[in-house]
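Shown next: final-v6.txt, containing compact mmCIF, C-alpha atoms.
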```
# COMPACT_ATOMS: atom_id res chain seq x y z
CA MET A 1 -30.32 -21.72 -7.81
CA ASP A 2 -30.80 -18.54 -9.85
CA TRP A 3 -28.38 -15.84 -8.68
CA LYS A 4 -31.15 -13.23 -8.48
CA LYS A 5 -33.01 -15.42 -6.01
CA ILE A 6 -29.86 -15.90 -3.91
CA TYR A 7 -29.25 -12.18 -3.90
CA SER A 8 -32.80 -11.26 -2.94
CA GLU A 9 -32.89 -13.85 -0.15
CA ARG A 10 -29.62 -12.55 1.32
CA LEU A 11 -30.43 -8.85 0.97
CA MET A 12 -31.01 -7.40 4.45
CA SER A 13 -30.71 -4.41 6.73
CA PRO A 14 -27.36 -3.49 8.32
CA GLU A 15 -28.77 -4.53 11.71
CA GLN A 16 -29.73 -7.98 10.47
CA ALA A 17 -26.29 -8.50 8.94
CA LEU A 18 -24.10 -7.10 11.70
CA LYS A 19 -25.92 -8.83 14.56
CA GLN A 20 -24.56 -12.10 13.18
CA ILE A 21 -21.00 -11.15 14.19
CA PRO A 22 -19.95 -13.41 17.09
CA ASP A 23 -18.44 -12.18 20.35
CA GLY A 24 -14.68 -12.69 20.36
CA GLY A 25 -14.58 -12.92 16.58
CA ARG A 26 -12.08 -11.47 14.14
CA ILE A 27 -13.39 -9.09 11.47
CA VAL A 28 -11.31 -8.29 8.39
CA SER A 29 -12.57 -5.19 6.61
CA GLY A 30 -12.00 -4.06 3.04
CA HIS A 31 -8.95 -1.96 2.33
CA ALA A 32 -8.32 1.73 1.61
CA ALA A 33 -10.86 3.26 -0.83
CA GLY A 34 -12.65 -0.11 -0.80
CA GLU A 35 -13.43 0.13 2.90
CA PRO A 36 -17.13 -0.51 3.71
CA SER A 37 -17.31 2.67 5.77
CA PHE A 38 -21.08 2.70 6.15
CA LEU A 39 -21.16 -0.74 7.77
CA LEU A 40 -18.16 -0.03 10.03
CA SER A 41 -19.71 3.22 11.22
CA PHE A 42 -23.08 1.55 11.79
CA MET A 43 -21.35 -1.16 13.80
CA SER A 44 -19.55 1.43 15.93
CA GLU A 45 -22.80 3.31 16.56
CA HIS A 46 -24.20 0.11 18.07
CA LYS A 47 -21.17 -1.00 20.04
CA GLU A 48 -23.41 -2.57 22.70
CA TRP A 49 -24.14 -5.42 20.28
CA PHE A 50 -20.48 -6.50 20.25
CA HIS A 51 -17.98 -7.81 22.79
CA ASP A 52 -14.23 -8.43 22.38
CA VAL A 53 -14.36 -8.19 18.58
CA GLU A 54 -11.07 -7.70 16.74
CA ILE A 55 -11.08 -5.49 13.65
CA CYS A 56 -8.18 -6.20 11.32
CA HIS A 57 -7.13 -4.24 8.23
CA MET A 58 -4.38 -2.29 6.50
CA VAL A 59 -4.90 1.32 5.35
CA SER A 60 -8.19 2.88 6.36
CA LEU A 61 -9.65 6.07 4.89
CA GLY A 62 -12.69 6.03 7.20
CA GLU A 63 -13.39 7.51 10.62
CA ASN A 64 -12.18 4.48 12.61
CA GLU A 65 -14.73 5.10 15.38
CA TYR A 66 -13.99 1.61 16.77
CA CYS A 67 -10.56 2.92 17.83
CA ARG A 68 -11.98 5.44 20.30
CA GLU A 69 -11.33 4.99 24.02
CA ASP A 70 -15.01 4.34 24.74
CA MET A 71 -14.91 1.28 22.45
CA GLN A 72 -12.73 -0.76 24.82
CA GLY A 73 -14.32 -4.07 25.65
CA HIS A 74 -16.31 -3.92 22.43
CA PHE A 75 -13.64 -3.58 19.72
CA ARG A 76 -9.87 -3.85 19.48
CA HIS A 77 -7.99 -2.92 16.34
CA ASN A 78 -5.26 -5.14 14.87
CA ALA A 79 -3.35 -3.05 12.31
CA LEU A 80 -1.53 -4.72 9.46
CA PHE A 81 -0.51 -1.18 8.43
CA VAL A 82 -0.97 1.72 10.85
CA GLY A 83 -2.78 4.74 9.43
CA GLY A 84 -3.66 8.22 10.60
CA GLY A 85 -6.97 7.18 12.15
CA THR A 86 -5.56 4.17 13.99
CA ARG A 87 -2.11 5.43 15.07
CA LYS A 88 -3.23 6.83 18.42
CA ALA A 89 -4.96 3.61 19.47
CA VAL A 90 -1.88 1.54 18.65
CA LYS A 91 0.46 3.96 20.42
CA GLU A 92 -1.72 4.02 23.55
CA GLY A 93 -2.06 0.24 23.72
CA ARG A 94 -5.73 0.09 22.73
CA GLY A 95 -4.76 -1.47 19.42
CA ASP A 96 -2.06 -3.76 18.10
CA TYR A 97 0.29 -3.84 15.14
CA THR A 98 1.16 -7.06 13.31
CA PRO A 99 4.36 -6.82 11.20
CA CYS A 100 3.93 -8.56 7.85
CA PHE A 101 4.85 -8.45 4.20
CA PHE A 102 1.87 -7.45 2.07
CA TYR A 103 2.11 -10.48 -0.22
CA GLU A 104 1.87 -12.85 2.76
CA ILE A 105 -1.35 -11.40 4.21
CA PRO A 106 -3.73 -13.58 2.15
CA ARG A 107 -1.91 -16.65 3.44
CA LEU A 108 -2.09 -15.37 7.02
CA PHE A 109 -5.88 -15.42 6.68
CA GLU A 110 -5.62 -19.13 5.95
CA THR A 111 -3.21 -19.85 8.82
CA ARG A 112 -2.22 -17.56 11.69
CA LEU A 113 -5.08 -15.05 11.39
CA PRO A 114 -8.25 -17.05 10.68
CA VAL A 115 -11.16 -14.86 9.61
CA ASP A 116 -14.53 -15.10 11.32
CA VAL A 117 -16.16 -12.25 9.41
CA ALA A 118 -15.20 -10.38 6.24
CA ILE A 119 -16.92 -7.01 5.79
CA ILE A 120 -16.30 -5.85 2.24
CA SER A 121 -17.50 -3.39 -0.37
CA VAL A 122 -18.63 -4.59 -3.81
CA THR A 123 -20.41 -3.50 -6.97
CA PRO A 124 -23.99 -4.59 -7.68
CA PRO A 125 -24.12 -8.00 -9.41
CA ASP A 126 -23.54 -8.15 -13.15
CA GLN A 127 -25.70 -10.14 -15.56
CA ASN A 128 -23.87 -13.32 -14.55
CA GLY A 129 -24.37 -12.88 -10.81
CA LYS A 130 -20.80 -11.71 -10.19
CA VAL A 131 -19.85 -8.75 -8.03
CA SER A 132 -16.54 -6.92 -8.40
CA LEU A 133 -14.32 -5.93 -5.49
CA GLY A 134 -13.53 -2.82 -7.49
CA VAL A 135 -10.62 -0.83 -6.06
CA SER A 136 -9.72 -3.28 -3.27
CA VAL A 137 -8.76 -6.82 -4.25
CA ASP A 138 -5.44 -6.95 -2.31
CA TYR A 139 -6.17 -9.05 0.82
CA THR A 140 -9.93 -8.45 0.59
CA LYS A 141 -10.60 -11.36 -1.75
CA ALA A 142 -8.65 -13.75 0.50
CA ALA A 143 -10.57 -12.50 3.53
CA ALA A 144 -13.88 -13.20 1.77
CA LYS A 145 -12.74 -16.62 0.57
CA ASN A 146 -11.63 -17.69 4.06
CA ALA A 147 -14.29 -16.06 6.26
CA LYS A 148 -17.03 -18.01 7.99
CA LEU A 149 -19.38 -15.06 7.38
CA VAL A 150 -19.16 -12.55 4.51
CA ILE A 151 -21.06 -9.26 4.73
CA ALA A 152 -20.98 -7.04 1.64
CA GLN A 153 -21.85 -3.37 1.33
CA VAL A 154 -23.25 -3.13 -2.19
CA ASN A 155 -22.24 0.24 -3.58
CA ASP A 156 -23.37 1.28 -7.04
CA GLN A 157 -20.60 3.92 -7.05
CA MET A 158 -17.85 1.30 -6.79
CA PRO A 159 -15.99 0.90 -10.11
CA TYR A 160 -16.31 -2.50 -11.76
CA THR A 161 -12.81 -3.86 -12.34
CA TYR A 162 -11.43 -6.96 -14.06
CA GLY A 163 -8.56 -9.36 -13.49
CA ASP A 164 -9.15 -11.55 -10.44
CA SER A 165 -11.58 -9.22 -8.74
CA LEU A 166 -14.90 -11.09 -8.96
CA LEU A 167 -16.97 -13.04 -6.44
CA ASP A 168 -20.14 -14.97 -7.12
CA VAL A 169 -23.20 -13.86 -5.14
CA SER A 170 -23.32 -17.39 -3.68
CA GLU A 171 -20.01 -16.69 -1.90
CA ILE A 172 -21.52 -13.83 0.10
CA ASP A 173 -23.86 -14.38 3.06
CA CYS A 174 -25.33 -10.91 3.59
CA PHE A 175 -25.91 -8.02 1.19
CA VAL A 176 -26.53 -4.50 2.49
CA GLU A 177 -27.18 -1.91 -0.20
CA HIS A 178 -25.73 1.53 0.45
CA SER A 179 -24.70 4.01 -2.23
CA ALA A 180 -21.81 6.32 -1.35
CA PRO A 181 -19.01 8.09 -3.22
CA LEU A 182 -15.58 6.57 -2.71
CA PRO A 183 -13.14 8.55 -0.55
CA GLU A 184 -10.87 10.70 -2.66
CA LEU A 185 -7.20 11.58 -2.21
CA LYS A 186 -6.28 14.76 -4.02
CA PRO A 187 -2.89 14.95 -5.78
CA ALA A 188 -0.15 16.44 -3.60
CA VAL A 189 1.11 20.00 -4.08
CA LEU A 190 4.75 19.49 -5.02
CA THR A 191 7.66 21.42 -3.53
CA LYS A 192 10.97 22.04 -5.31
CA THR A 193 12.55 19.33 -3.15
CA GLU A 194 10.03 16.75 -4.29
CA LYS A 195 10.34 17.81 -7.92
CA ASP A 196 14.13 17.44 -7.71
CA ILE A 197 13.74 13.96 -6.20
CA GLY A 198 11.31 13.05 -8.97
CA TYR A 199 13.75 14.24 -11.62
CA ASN A 200 16.58 12.20 -10.09
CA CYS A 201 14.41 9.07 -9.95
CA ALA A 202 13.26 9.58 -13.52
CA SER A 203 16.88 9.60 -14.70
CA LEU A 204 17.07 5.92 -13.69
CA ILE A 205 13.98 5.00 -15.74
CA ASN A 206 14.36 3.99 -19.38
CA ASP A 207 11.86 3.67 -22.22
CA GLY A 208 10.02 0.35 -21.96
CA ASP A 209 10.50 -0.08 -18.20
CA THR A 210 7.73 -1.37 -15.95
CA LEU A 211 7.04 0.72 -12.84
CA GLN A 212 5.93 0.12 -9.29
CA LEU A 213 4.91 3.32 -7.51
CA GLY A 214 3.09 4.30 -4.37
CA ILE A 215 1.00 7.35 -3.60
CA GLY A 216 1.96 10.80 -2.41
CA ALA A 217 4.21 13.69 -3.34
CA ILE A 218 7.30 11.74 -4.42
CA PRO A 219 5.51 9.25 -6.71
CA ASP A 220 3.58 12.18 -8.20
CA ALA A 221 6.86 14.04 -8.75
CA VAL A 222 8.38 10.99 -10.46
CA LEU A 223 5.39 10.69 -12.79
CA LEU A 224 5.62 14.40 -13.60
CA SER A 225 9.20 13.83 -14.80
CA LEU A 226 8.30 10.94 -17.11
CA LYS A 227 6.34 12.82 -19.76
CA TYR A 228 9.05 12.34 -22.38
CA LYS A 229 9.53 8.59 -21.82
CA LYS A 230 8.01 5.95 -24.07
CA ASP A 231 6.21 2.63 -23.69
CA LEU A 232 6.24 2.44 -19.90
CA GLY A 233 4.25 -0.22 -18.08
CA ILE A 234 2.64 -0.64 -14.66
CA HIS A 235 2.94 -3.60 -12.30
CA SER A 236 2.33 -2.17 -8.86
CA GLU A 237 0.48 -2.78 -5.65
CA MET A 238 -1.43 0.41 -6.39
CA PHE A 239 -1.54 3.46 -8.61
CA SER A 240 -3.24 6.85 -8.60
CA ASP A 241 -4.24 9.77 -10.82
CA GLY A 242 -0.73 10.52 -12.10
CA VAL A 243 -0.72 7.22 -13.95
CA VAL A 244 -3.97 8.13 -15.71
CA GLU A 245 -2.34 11.30 -17.06
CA LEU A 246 0.55 9.31 -18.54
CA VAL A 247 -1.80 6.78 -20.09
CA GLU A 248 -3.78 9.55 -21.75
CA ALA A 249 -0.51 11.16 -22.93
CA GLY A 250 0.58 7.89 -24.54
CA VAL A 251 3.59 7.46 -22.23
CA ILE A 252 2.24 4.38 -20.45
CA THR A 253 1.26 1.79 -23.05
CA ASN A 254 2.18 -1.50 -21.28
CA GLU A 255 3.19 -2.87 -24.68
CA LYS A 256 6.75 -3.80 -23.64
CA LYS A 257 5.80 -5.73 -20.52
CA LYS A 258 6.81 -9.38 -20.37
CA LEU A 259 4.12 -10.29 -17.84
CA LEU A 260 0.50 -9.46 -18.72
CA PRO A 261 1.36 -7.15 -21.63
CA ASP A 262 -1.14 -4.40 -22.40
CA LYS A 263 -2.44 -4.55 -18.81
CA MET A 264 -1.88 -2.19 -15.88
CA VAL A 265 -1.62 -4.49 -12.88
CA ALA A 266 -2.43 -3.49 -9.28
CA ASN A 267 -4.16 -4.85 -6.21
CA PHE A 268 -5.73 -1.64 -4.89
CA LEU A 269 -6.35 1.92 -6.05
CA MET A 270 -6.58 5.31 -4.34
CA GLY A 271 -7.12 8.68 -5.94
CA THR A 272 -9.86 10.98 -7.17
CA LYS A 273 -13.08 10.36 -9.06
CA ARG A 274 -11.08 10.77 -12.25
CA LEU A 275 -9.14 7.61 -11.38
CA TYR A 276 -12.25 5.69 -10.36
CA ASP A 277 -14.02 6.62 -13.59
CA PHE A 278 -10.93 5.62 -15.59
CA VAL A 279 -10.76 2.09 -14.15
CA ASP A 280 -14.51 1.41 -14.26
CA HIS A 281 -15.12 -1.38 -16.83
CA ASN A 282 -11.61 -0.77 -18.21
CA LYS A 283 -10.29 -4.08 -19.50
CA ASN A 284 -6.76 -2.67 -19.69
CA VAL A 285 -6.69 -2.53 -15.88
CA ALA A 286 -6.14 -5.89 -14.20
CA MET A 287 -6.76 -6.09 -10.45
CA TYR A 288 -5.25 -9.08 -8.65
CA PRO A 289 -4.77 -10.15 -5.02
CA ALA A 290 -1.56 -9.15 -3.23
CA ASP A 291 -0.25 -12.71 -3.12
CA TYR A 292 0.05 -12.41 -6.91
CA THR A 293 0.95 -8.78 -7.59
CA ASN A 294 3.44 -8.53 -4.72
CA ASP A 295 4.92 -12.01 -4.70
CA PRO A 296 8.63 -11.35 -5.35
CA VAL A 297 8.75 -14.31 -7.72
CA VAL A 298 5.92 -12.81 -9.79
CA VAL A 299 7.44 -9.31 -9.64
CA ALA A 300 10.70 -10.75 -10.98
CA LYS A 301 8.93 -11.89 -14.16
CA ASN A 302 8.89 -8.24 -15.21
CA ASP A 303 12.33 -8.12 -16.82
CA ARG A 304 12.84 -4.38 -16.53
CA ILE A 305 10.98 -3.32 -13.43
CA VAL A 306 11.78 -0.16 -11.50
CA CYS A 307 10.38 -0.09 -7.97
CA ILE A 308 10.13 3.28 -6.20
CA ASN A 309 9.34 3.54 -2.51
CA SER A 310 10.09 5.93 0.32
CA SER A 311 11.61 5.83 3.78
CA VAL A 312 11.76 7.66 7.10
CA GLN A 313 15.45 7.18 7.87
CA ILE A 314 18.49 5.50 6.32
CA ASP A 315 21.65 4.89 8.30
CA LEU A 316 25.20 4.93 6.96
CA MET A 317 25.17 1.15 6.52
CA GLY A 318 22.12 1.34 4.27
CA GLN A 319 19.53 0.08 6.74
CA ALA A 320 16.19 1.75 6.05
CA CYS A 321 13.37 2.42 8.48
CA SER A 322 10.21 3.16 6.54
CA GLU A 323 7.50 2.56 9.13
CA SER A 324 8.31 4.00 12.57
CA VAL A 325 9.75 6.95 14.40
CA GLY A 326 11.71 5.27 17.14
CA LEU A 327 9.28 2.95 18.88
CA THR A 328 6.23 4.77 17.52
CA GLN A 329 4.66 2.80 14.69
CA ILE A 330 3.46 5.28 12.06
CA SER A 331 2.72 3.01 9.11
CA GLY A 332 3.79 -0.50 8.09
CA VAL A 333 5.91 -2.57 5.76
CA GLY A 334 3.32 -2.65 2.99
CA GLY A 335 4.78 -3.88 -0.27
CA GLN A 336 8.16 -2.17 -0.03
CA VAL A 337 10.22 -5.29 0.63
CA ASP A 338 8.06 -7.44 -1.67
CA PHE A 339 8.98 -5.27 -4.64
CA ILE A 340 12.58 -4.56 -3.64
CA ARG A 341 13.26 -8.28 -3.49
CA GLY A 342 11.32 -8.93 -6.68
CA ALA A 343 13.30 -6.24 -8.51
CA SER A 344 16.58 -7.73 -7.30
CA MET A 345 15.63 -11.07 -8.89
CA ALA A 346 14.39 -9.57 -12.17
CA LYS A 347 16.55 -9.17 -15.27
CA HIS A 348 17.67 -5.54 -15.28
CA GLY A 349 15.40 -4.76 -12.29
CA ILE A 350 16.26 -1.94 -9.91
CA SER A 351 14.74 -0.56 -6.72
CA ILE A 352 14.84 2.98 -5.39
CA LEU A 353 14.22 4.39 -1.95
CA ALA A 354 13.43 8.06 -2.50
CA LEU A 355 13.23 10.56 0.35
CA PRO A 356 13.88 14.21 1.19
CA SER A 357 17.26 14.66 2.83
CA THR A 358 15.70 16.28 5.92
CA ALA A 359 12.58 16.26 8.08
CA LYS A 360 10.92 18.69 10.50
CA LYS A 361 11.44 21.73 8.27
CA GLY A 362 15.11 21.01 7.69
CA THR A 363 16.09 20.54 11.34
CA VAL A 364 16.63 16.77 11.21
CA SER A 365 18.67 14.71 8.76
CA ARG A 366 17.03 11.61 7.32
CA ILE A 367 20.46 10.14 6.59
CA VAL A 368 21.84 9.27 9.99
CA PRO A 369 24.80 7.47 11.61
CA PHE A 370 22.40 5.11 13.40
CA LEU A 371 18.68 4.54 13.18
CA ASP A 372 16.75 5.98 16.12
CA GLU A 373 16.55 3.77 19.17
CA GLY A 374 13.67 1.35 18.70
CA ALA A 375 13.29 2.08 14.97
CA ALA A 376 12.32 -0.90 12.82
CA VAL A 377 14.62 -2.03 10.02
CA THR A 378 12.13 -2.27 7.16
CA THR A 379 14.59 -2.82 4.34
CA SER A 380 17.85 -4.49 5.26
CA ARG A 381 21.24 -3.29 4.12
CA ASN A 382 21.49 -6.47 2.03
CA ASP A 383 18.34 -5.57 0.06
CA ILE A 384 18.84 -1.87 -0.56
CA ASP A 385 19.79 -0.77 -4.09
CA TYR A 386 19.48 2.94 -4.93
CA VAL A 387 18.86 5.82 -2.51
CA VAL A 388 17.68 9.09 -4.05
CA THR A 389 17.34 12.52 -2.43
CA GLU A 390 17.10 16.00 -3.90
CA TYR A 391 20.92 16.06 -3.83
CA GLY A 392 21.49 13.06 -6.05
CA ILE A 393 21.65 9.30 -6.37
CA ALA A 394 23.55 6.84 -4.17
CA HIS A 395 23.95 3.33 -5.56
CA LEU A 396 24.58 0.99 -2.62
CA LYS A 397 24.14 -2.50 -4.08
CA GLY A 398 27.43 -4.42 -4.02
CA ARG A 399 29.29 -1.68 -2.18
CA THR A 400 31.29 -2.00 1.03
CA LEU A 401 30.13 -0.35 4.23
CA ARG A 402 32.74 2.37 3.74
CA GLU A 403 31.66 2.99 0.14
CA ARG A 404 27.99 3.04 1.15
CA ALA A 405 28.55 5.58 3.88
CA LYS A 406 30.49 7.83 1.53
CA ALA A 407 27.80 7.62 -1.17
CA LEU A 408 25.05 8.44 1.34
CA ILE A 409 26.94 11.45 2.68
CA VAL A 410 27.09 12.83 -0.88
CA VAL A 411 23.27 12.84 -1.11
CA SER A 412 22.69 14.09 2.44
CA HIS A 413 21.78 17.69 3.21
CA PRO A 414 24.82 20.01 3.30
CA ASP A 415 23.89 21.25 6.78
CA PHE A 416 24.56 17.78 8.20
CA ARG A 417 27.45 16.57 6.08
CA ASN A 418 30.26 17.70 8.38
CA ASP A 419 28.85 15.73 11.29
CA LEU A 420 28.37 12.66 9.07
CA ILE A 421 31.92 13.02 7.71
CA SER A 422 33.33 13.16 11.24
CA ILE A 423 31.51 9.94 12.12
CA TYR A 424 32.61 8.36 8.84
CA GLU A 425 36.30 9.15 9.52
CA ASP A 426 36.12 7.84 13.07
CA ARG A 427 34.28 4.65 12.08
CA PHE A 428 36.39 3.73 9.06
CA HIS A 429 39.75 5.13 10.21
CA CYS A 430 40.31 7.09 7.05
CA LYS A 431 39.92 10.59 5.65
CA TYR A 432 36.77 11.46 3.75
CA GLU A 433 37.93 12.57 0.31
```
Taking this structure as input, can you express it in the form of structure tokens?
Amino acid sequence: MDWKKIYSERLMSPEQALKQIPDGGRIVSGHAAGEPSFLLSFMSEHKEWFHDVEICHMVSLGENEYCREDMQGHFRHNALFVGGGTRKAVKEGRGDYTPCFFYEIPRLFETRLPVDVAIISVTPPDQNGKVSLGVSVDYTKAAAKNAKLVIAQVNDQMPYTYGDSLLDVSEIDCFVEHSAPLPELKPAVLTKTEKDIGYNCASLINDGDTLQLGIGAIPDAVLLSLKYKKDLGIHSEMFSDGVVELVEAGVITNEKKKLLPDKMVANFLMGTKRLYDFVDHNKNVAMYPADYTNDPVVVAKNDRIVCINSSVQIDLMGQACSESVGLTQISGVGGQVDFIRGASMAKHGISILALPSTAKKGTVSRIVPFLDEGAAVTTSRNDIDYVVTEYGIAHLKGRTLRERAKALIVVSHPDFRNDLISIYEDRFHCKYE
């Protein structure tokens, strides 16, 4: 059948599409800037249509109305990564958190978390009847492939991306057209602490390396310190505006990459309109699902990959909590462990956990004798490689517990070093020298 006929026959109102969602079903919604916010908001406005529906996703940039107290009995959120709009619901028991590695989520949708409905955001069809998932391929493509019902918000402001980001119109059951600008995340305003951390991280990066970076102040600070490097590449779960600047400056060329040379690889994107315009119909940007980009075996094919992530707390053994404050879940695992393990298997690969030495305006040390009670161990002491703060670089891989503790004390904040030294001397029965 002609794709235009399929599309026209499946084009409908939001009410017609959403009323097909079954009671007790599991919805997986598109991720981050690819979230179909219009459809999710419309669904929440008509909560009386739905009963005991689970809404499952990672990062959300929308309003998350389905997490409100008055939504109980209608919707329950299952977070694969807790965000600002969903944190309260999870903490108060009106939502759940499912621990998982990012690269395994597509497979979970085939096994432990079967998908009844995928609600996604796509571009209008191209001349071949293909729509692009744009800035959210990650787990979104797997959700669409495995769902019994696929509802797509067709947004003509979604960038058209390449790689493995396309679906045929025949794979989608309902099309709802709604034009809306993508949510934007402005670049962070950098403090001296963050700039110092960025400088220290950059000192571990060599010309020709391939980078994995996240979003926020520290990744932005790292990118700021890379302006004099050459021939860098990108293989990451995501990237933002700072990468665009380095591409335009000729610093990121992707020419030295062993895997997919000349391509910037990611599975989702978040940033400003500048980023979205840059990736639109850009054949040098390759968007792939998370079970490819984040698979440690795939990551390891990048011979010289440098993975930079952040953390909440690191104890003197090198255990890192990057997702909770005590028992309070504030985020998730994401791709941190995926890339740390991939880097450890790669030739000349390294991984960095970068963090300010203190929190709460300098009143709390992030390098601690023990993780807080109830805190999750995100990255194990066996996996950790480099730890970077504004005070320097601690290389933990292959070091004894005593050597690790000493190295971490060196990069801790001076206000807390005496207490850490006292604990060190008591624990290891030796003087700190």
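Here atom CA of A:Met317 and atom CA of A:Thr293 stand 29.7 Å from one another.
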**Prompt:** What is the distance, in Å and to one decimal place, between atom CA of A:Val306 and atom CA of A:Asn206?
**Reply:**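 These two atoms are separated by 9.3 Å.
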**Request:** Would you list the contacts of A:Gly398 as JSON, numbers by chain, taking every protein, DNA or RNA residue within 10 Å and counting all atoms listed in the file, but skipping same-chain residues closer than 6 positions in sequence?
**Result:** {"A": [382, 384, 385, 404]}
**Item:** Which residue of A:Ala300, A:Val137, A:Ile151, A:Cys201 approaches A:Leu355 most closely, using only C-alpha atoms
**Value:** A:Cys201
Test item: residues at most 12 Å from A:Gly24, all atoms listed in the file, excluding those fewer than 6 positions along its chain, as a PDB file with C-alpha atoms, in the frame of the given file:
```
ATOM      1  CA  TRP A  49     -24.140  -5.420  20.280  1.00  0.00           C
ATOM      2  CA  PHE A  50     -20.480  -6.500  20.250  1.00  0.00           C
ATOM      3  CA  HIS A  51     -17.980  -7.810  22.790  1.00  0.00           C
ATOM      4  CA  ASP A  52     -14.230  -8.430  22.380  1.00  0.00           C
ATOM      5  CA  VAL A  53     -14.360  -8.190  18.580  1.00  0.00           C
ATOM      6  CA  GLU A  54     -11.070  -7.700  16.740  1.00  0.00           C
ATOM      7  CA  ILE A  55     -11.080  -5.490  13.650  1.00  0.00           C
ATOM      8  CA  GLY A  73     -14.320  -4.070  25.650  1.00  0.00           C
ATOM      9  CA  HIS A  74     -16.310  -3.920  22.430  1.00  0.00           C
ATOM     10  CA  PHE A  75     -13.640  -3.580  19.720  1.00  0.00           C
ATOM     11  CA  ARG A  76      -9.870  -3.850  19.480  1.00  0.00           C
ATOM     12  CA  VAL A 115     -11.160 -14.860   9.610  1.00  0.00           C
ATOM     13  CA  ASP A 116     -14.530 -15.100  11.320  1.00  0.00           C
ATOM     14  CA  VAL A 117     -16.160 -12.250   9.410  1.00  0.00           C
TER      15      VAL A 117
END
```
**Complete:** Pairwise distance, atom CA of A:Glu255 with atom CA of A:Val243, equals 15.2 Å
**Request:** Tell me which of A:Phe175, A:Tyr199, A:Tyr288, A:Tyr432 sits closest to A:Asn155, counting only C-alpha atoms.
**Result:**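 Ranked by minimum distance to A:Asn155, first place goes to A:Phe175.
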**Prompt:** For A:Ala217, which residue out of A:Glu403, A:Asp315, A:Asp70, A:Asp196 is the nearest one, using only C-alpha atoms?
**Reply:**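 Looking at the shortest contact to A:Ala217, the residue is A:Asp196.
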**Asked** Near A:Ala89, within 12 Å and counting only C-alpha atoms, which residues show up once chain neighbours fewer than 3 positions away are dropped, as a PyMOL selection string?
**Response** chain A and resi 64-72+75-79+82-86+92-97+328-330
**Asked** A:Asp156, A:Asp277, A:Asp372, A:Glu237: which is nearest A:Asp138, counting only C-alpha atoms?
**Response**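 Checking each candidate against A:Asp138, we get A:Glu237 as the closest.
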**Request:** Would you mind telling me which residue in A:Tyr7, A:Ser225, A:Phe38, A:Ile340 lies nearest to A:Val131 when using only C-alpha atoms?
**Result:**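 Selected residue with least distance to A:Val131: A:Tyr7.
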**Message:** Using all atoms listed in the file for the distances, tell me which of A:Ile421, A:Ala144, A:Val368, A:Leu213 is nearest to A:Ile305.
**Reply:**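 Closest residue, counting all atoms listed in the file: A:Leu213.
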**Prompt:** Which polymer residues have any atom within 6 Å of an atom of stretch 158-169 of chain A, counting all atoms listed in the file, with same-chain residues fewer than 5 positions away left out, as an MDAnalysis selection string?
**Reply:** chainID A and resid 123 129:134 137 280:281 286:288
**Request:** Please identify all polymer residues within 10 Å of A:Ala346, counting all atoms listed in the file, omitting same-chain residues fewer than 5 positions from it, and present them as a ChimeraX atom specification.
**Result:** /A:296-306,341
